[in-house]
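Notes follow once the structure below has been shown.
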Protein chains: 4
Amino acid sequence: MQRPFATFLVSAPDQPGLVARFAGFFYELGVNILDSSNHASRDDGEARRFYMRLVVDLDGLASPRALAALGESTSRRTLEQAFGKLASELSAMWSVGYSDAPEKIALLVTKESACLYDLALRQKQGELPGEIALVISNHPTLEPVAESFRLPFYTLPVTADTKRAQETQLLALLRKHHVTLVVLARYMQVLSDAFLAEAPPVINIHHGFLPAFQGAKPYHQAFARGVKLIGATAHYATKDLDEGPILEQDVARVHHGMGPEELVRVGRDVERVVLARAVRAHLERRVIVEGRRTIVL
Amino acid sequence: MQRPFATFLVSAPDQPGLVARFAGFFYELGVNILDSSNHASRDDGEARRFYMRLVVDLDGLASPRALAALGESTSRRTLEQAFGKLASELSAMWSVGYSDAPEKIALLVTKESACLYDLALRQKQGELPGEIALVISNHPTLEPVAESFRLPFYTLPVTADTKRAQETQLLALLRKHHVTLVVLARYMQVLSDAFLAEAPPVINIHHGFLPAFQGAKPYHQAFARGVKLIGATAHYATKDLDEGPILEQDVARVHHGMGPEELVRVGRDVERVVLARAVRAHLERRVIVEGRRTIVL
Amino acid sequence: MQRPFATFLVSAPDQPGLVARFAGFFYELGVNILDSSNHASRDDGEARRFYMRLVVDLDGLASPRALAALGESTSRRTLEQAFGKLASELSAMWSVGYSDAPEKIALLVTKESACLYDLALRQKQGELPGEIALVISNHPTLEPVAESFRLPFYTLPVTADTKRAQETQLLALLRKHHVTLVVLARYMQVLSDAFLAEAPPVINIHHGFLPAFQGAKPYHQAFARGVKLIGATAHYATKDLDEGPILEQDVARVHHGMGPEELVRVGRDVERVVLARAVRAHLERRVIVEGRRTIVL
Amino acid sequence: MQRPFATFLVSAPDQPGLVARFAGFFYELGVNILDSSNHASRDDGEARRFYMRLVVDLDGLASPRALAALGESTSRRTLEQAFGKLASELSAMWSVGYSDAPEKIALLVTKESACLYDLALRQKQGELPGEIALVISNHPTLEPVAESFRLPFYTLPVTADTKRAQETQLLALLRKHHVTLVVLARYMQVLSDAFLAEAPPVINIHHGFLPAFQGAKPYHQAFARGVKLIGATAHYATKDLDEGPILEQDVARVHHGMGPEELVRVGRDVERVVLARAVRAHLERRVIVEGRRTIVL
């Protein structure tokens with residue numbers, strides 16, 4: 001059994017000494033840093049920003065030094081309060097996650113099963129540093145698949161008329177299951193801005209190499225254009241469809257002999273791997289969104 | 001020394017028996033097929049088309065069977081006449097090239113040297129099944145590079161006012177050197193429709209993954225969008241900029257820590273390899289253009 | 001519903017006219033060639049060999065020309081007899097498969113589920129041009145997975161003492177289910193030479209980049225050596241372990257921060273894709289084994 | 001003009017607080033950390049080791065804080081003395097390089113020009129964070145290439161009898177030119193253990209995917225085995241041929257139709273890119289050797 005660890009993700013205006021300040025904070029407490037990485041953005045007219053990811057061993061919280069620094073109650077809450085104070089001094093935004101409190105994931109699907117199978121299987125194999133709490137679909141088609149992995153499955157049908165109501169039900173389900181990450185695993189519905197404003201982060205897999213083929217039927221577009229590579233893009237869903245910050249991309253080689261349906265088949269293999277990598281990076285708290293870009297530490 | 005061979009490239013409305021008819025033509029002559037491949041387009045509303053590439057050993061032209069079939073003068077010309085007759089019966093378009101009469105290539109460059117070095121070096125190493133006849137630039141910068149490979153170099157400066165006149169000079173140079181393929185090896189000028197209409201085929205390398213980042217400064221666009229892969233696309237130049245049929249594409253992985261200038265560096269490595277593959281495929285007579293697509297046999 | 005087609009795979013000593021002879025055979029019958037490709041080996045001391053794959057439309061068998069050529073009974077059997085006669089004249093080896101008589105596949109597994117899920121899912125999605133007839137394992141672990149895809153599952157435990165008896169049972173099961181292809185989808189047992197001599201073709205996935213890391217624990221070997229890429233290799237099983245003809249390979253990038261268990265995770269993604277591609281190539285009758293090499297047409 | 005920076009590379013037995021200690025050292029001096037990354041090895045029986053790379057802005061050396069901490073003479077030498085004291089307390093090994101004192105590289109070549117052209121061209125384009133001080137060959141063949149890039153070229157012929165003497169001359173040349181990195185850019189001679197013991201670090205490009213095809217003619221081995229991918233490996237040269245720590249690897253896809261000479265052509269493209277990446281990583285002081293592995297920070 002691995003000892004519990006916490007992962008801090010920080011973003012701040014750059015200034016000298018930030019690595020030393022954040023690393024020093026944990027050193028003072030006698031809390032060991034298991035892994036850390038940082039990055040500063042370029043000086044391109046805009047102010048430089050500093051990004052850091054720190055994975056720390058929570059056993060250190062019981063040390064005398066932590067006791068001395070945090071007071072008698074060296075709980076996660078006092079740790080967060082102390083870290084928050086430092087962050088505040090440095091105008092930093094930050095978040096923290098704990099390895100023994102994994103994120104709760106909702107998978108949204110429609111009828112295509114490949115991404116659902118893939119993520120469910122990864123959870124079963126212990127590959128996913130998170131927990132698929134439920135599967136939600138607008139069709140009942142994939143219920144047996146969810147059941148074979150013993151995942152709760154909810155059908156929320158939707159029409160143009162019922163969209164608002166369905167999204168309200170969706171949000172209620174997410175709340176009820178304490179969902180912290182929504183994954184659109186080939187969910188063939190556009191989510192409203194209102195939904196996105198209230199939902200936890202949403203990762204989408206676009207079955208095309210963004211920004212090359214935006215919108216519908218990218219494989220048919222790719223075939224018509226005679227491309228030699230097809231790709232898939234995992235991105236955060238934002239108001240502007242297919243314009244969200246990109247988490248991960250990959251491609252596969254195709255040739256003139258492949259029709260649109262074969263591009264779909266090849267593309268499906270790329271999609272599920274790209275989606276899995278993106279979900280994993282998010283769950284490991286490696287991703288900071290900065291405008292239209294992501295920093296993946 | 002390899003024996004001379006001819007490469008036939010054929011495109012025709014599909015019908016039963018085409019493989020047998022074309023292969024049979026050479027069999028009747030006692031001319032050996034060294035390599036052949038064929039493809040038929042999909043039945044997607046439009047009429048199916050058939051594509052075939054045949055590489056044949058020209059030694060067979062001296063055989064008694066060839067003599068009997070083609071008459072006393074079994075020259076390449078009588079071979080072409082006989083093949084043309086068959087092609088005409090089958091409503092086929094065709095072309096032929098001979099290994100001992102390599103295509104003459106004009107490289108058009110501006111100031112960036114990587115693609116020029118790459119192609120010149122491949123010719124020197126015997127990798128290029130064609131001959132770089134001359135290098136033309138709108139700047140004198142790369143003259144020493146061309147000279148170090150003993151390639152004739154012409155400087156044809158151009159301004160908005162002299163564009164028409166410069167393109168006329170360009171066409172004259174191409175004709176004088178019997179150029180059959182123009183390669184835009186980072187030539188930073190847009191060629192006019194009038195030029196393209198009169199010039200031999202023109203291959204361009206686009207320093208971006210088409211159709212993702214069309215137009216100027218694709219690496220800056222790619223950086224701003226935070227893509228995780230960058231690519232390059234080799235395509236035939238057509239009237240519509242960056243919309244010509246794609247010959248070859250490839251990508252390289254990049255990350256958030258790379259600024260635009262590092263994307264340029266990584267992209268340059270992809271560009272030269274993609275351009276070299278595209279030029280090679282064209283010179284080996286593997287490429288048939290079909291509307292906006294290419295068939296690469 | 002696609003019309004039935006037959007796929008012929010031919011290997012013969014090279015001589016002039018082979019493309020014309022084989023293509024002409026079907027043309028004479030009025031049988032349309034849907035797809036064909038061929039290859040001749042290099043003249044490297046050994047005699048050149050010629051390889052051809054022909055996909056033909058079986059509807060042509062009902063044509064008057066077929067009737068005239070094959071006699072009244074234009075069955076598949078008479079087609080095969082006629083083709084066999086031609087092949088015999090040309091000293092060719094050949095085989096044929098029919099699209100409406102898909103190959104029967106036995107998947108052999110132990111406890112790891114990723115490859116089983118992957119292939120079962122591809123069959124469900126109509127991607128696999130064959131039929132998984134049964135799943136056989138030396139452990140009962142994966143029975144629920146097979147059941148969730150409604151695939152017959154047999155447990156044949158094995159120890160050093162019972163190996164010969166177990167393999168006899170295995171062969172009996174293969175025969176009973178008319179199995180024509182065995183896929184070792186992470187079956188953790190070495191098959192005896194006696195078994196391989198009697199079994200249909202066997203495809204194995206090696207979780208390493210052959211011939212780099214042969215034998216056991218390739219990911220631990222790869223970690224110790226600090227490689228920057230790991231790979232997987234699908235090959236036909238032969239008497240010499242891990243030395244069989246290679247069908248397909250691929251790699252994924254890794255880095256110093258990944259321990260052996262993470263290499264296993266990354267490698268698993270490569271393995272299942274490589275195995276699926278290899279199985280597909282075999283089922284589409286694209287593969288000819290030539291000594292230690294494969295020709296994939 | 002970029003301001004001068006220093007790159008520190010550190011390796012130490014792991015213990016709590018190392019990130020804070022090393023980062024804090026520079027913070028105390030008012031020296032800004034431009035980039036940093038660190039890694040700790042796994043707890044796999046052996047003692048964990050900690051690795052860190054720090055890039056710092058040398059302008060900070062003129063700050064009042066540096067003055068106060070280092071005494072009046074805030075030179076690079078006093079900085080190194082102070083850092084060395086800290087390193088010594090932590091039992092750390094370390095090295096430092098300065099951006100305005102680039103490493104001097106000796107390229108060793110024989111007759112093949114691709115890697116020489118590639119590295120010379122990268123230097124010309126300002127891609128190489130180092131300086132090619134000279135080119136040494138056992139044949140005069142590539143002298144014109146070196147000259148076209150204005151690189152000093154030395155011919156040191158070698159036979160079995162003169163090997164020891166030639167290596168002595170080689171070492172003398174390296175010393176005379178203050179060479180800090182030797183790159184074997186297709187140098188077709190095995191270097192003796194005695195030479196390696198006295199020479200600066202030596203990077204070799206192996207034209208094969210190690211450890212798959214060690215020794216001579218890897219492309220012929222690859223062809224005979226029918227592999228579907230070929231690769232190249234850049235590694236530090238050590239006493240055991242082809243067994244040195246791997247810096248970088250990559251592969252390219254090949255098929256049955258390619259003979260050994262085409263594998264060589266495809267492989268050459270992979271080789272030069274892999275070698276360039278490896279040399280760049282070394283020059284940027286990203287590489288720490290740990291036994292048979294490398295850590296690339």
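In the structure tokens, the first chain shown is A, the next is B, and so on; residue numbers restart at 1 for each chain, and ligands run from 1 in the order shown.
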- Identify all chain B residues at most 10 Å from chain D by counting only C-alpha atoms; ligands do not count. Present them as a ChimeraX atom specification. /B:112-114,117-118,121-122,124-127,144-145,147-149,262,265,269-270,273
- Out of stretch 101-276 of chain C, which residues get helix (DSSP H, G or I) from DSSP, as an MDAnalysis selection string? chainID C and resid 114:124 143:148 163:176 193:198 218:225 260:276
- Query: Residues at most 12 Å from stretch 164-170 of chain C, counting only C-alpha atoms, excluding those fewer than 3 positions away in the same chain, as a ChimeraX atom specification?
  - Reply: /C:106-108,134-138,154-161,173-177,179,182,189-200
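Between atom CA of B:His220 and atom CA of B:Ile203 the separation is 23.7 Å.
In this structure, atom CA of D:Asp14 sits 20.5 Å away from atom CA of A:Met52.
In this model, the gap between atom CA of A:Gly231 and atom CA of C:Val279 comes to 22.9 Å.
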- Tell me, which residues of stretch 157-291 of chain B carry DSSP strand (DSSP E or B), written as an MDAnalysis selection string? chainID B and resid 181:184 202:206 229:236 246:253 287:290
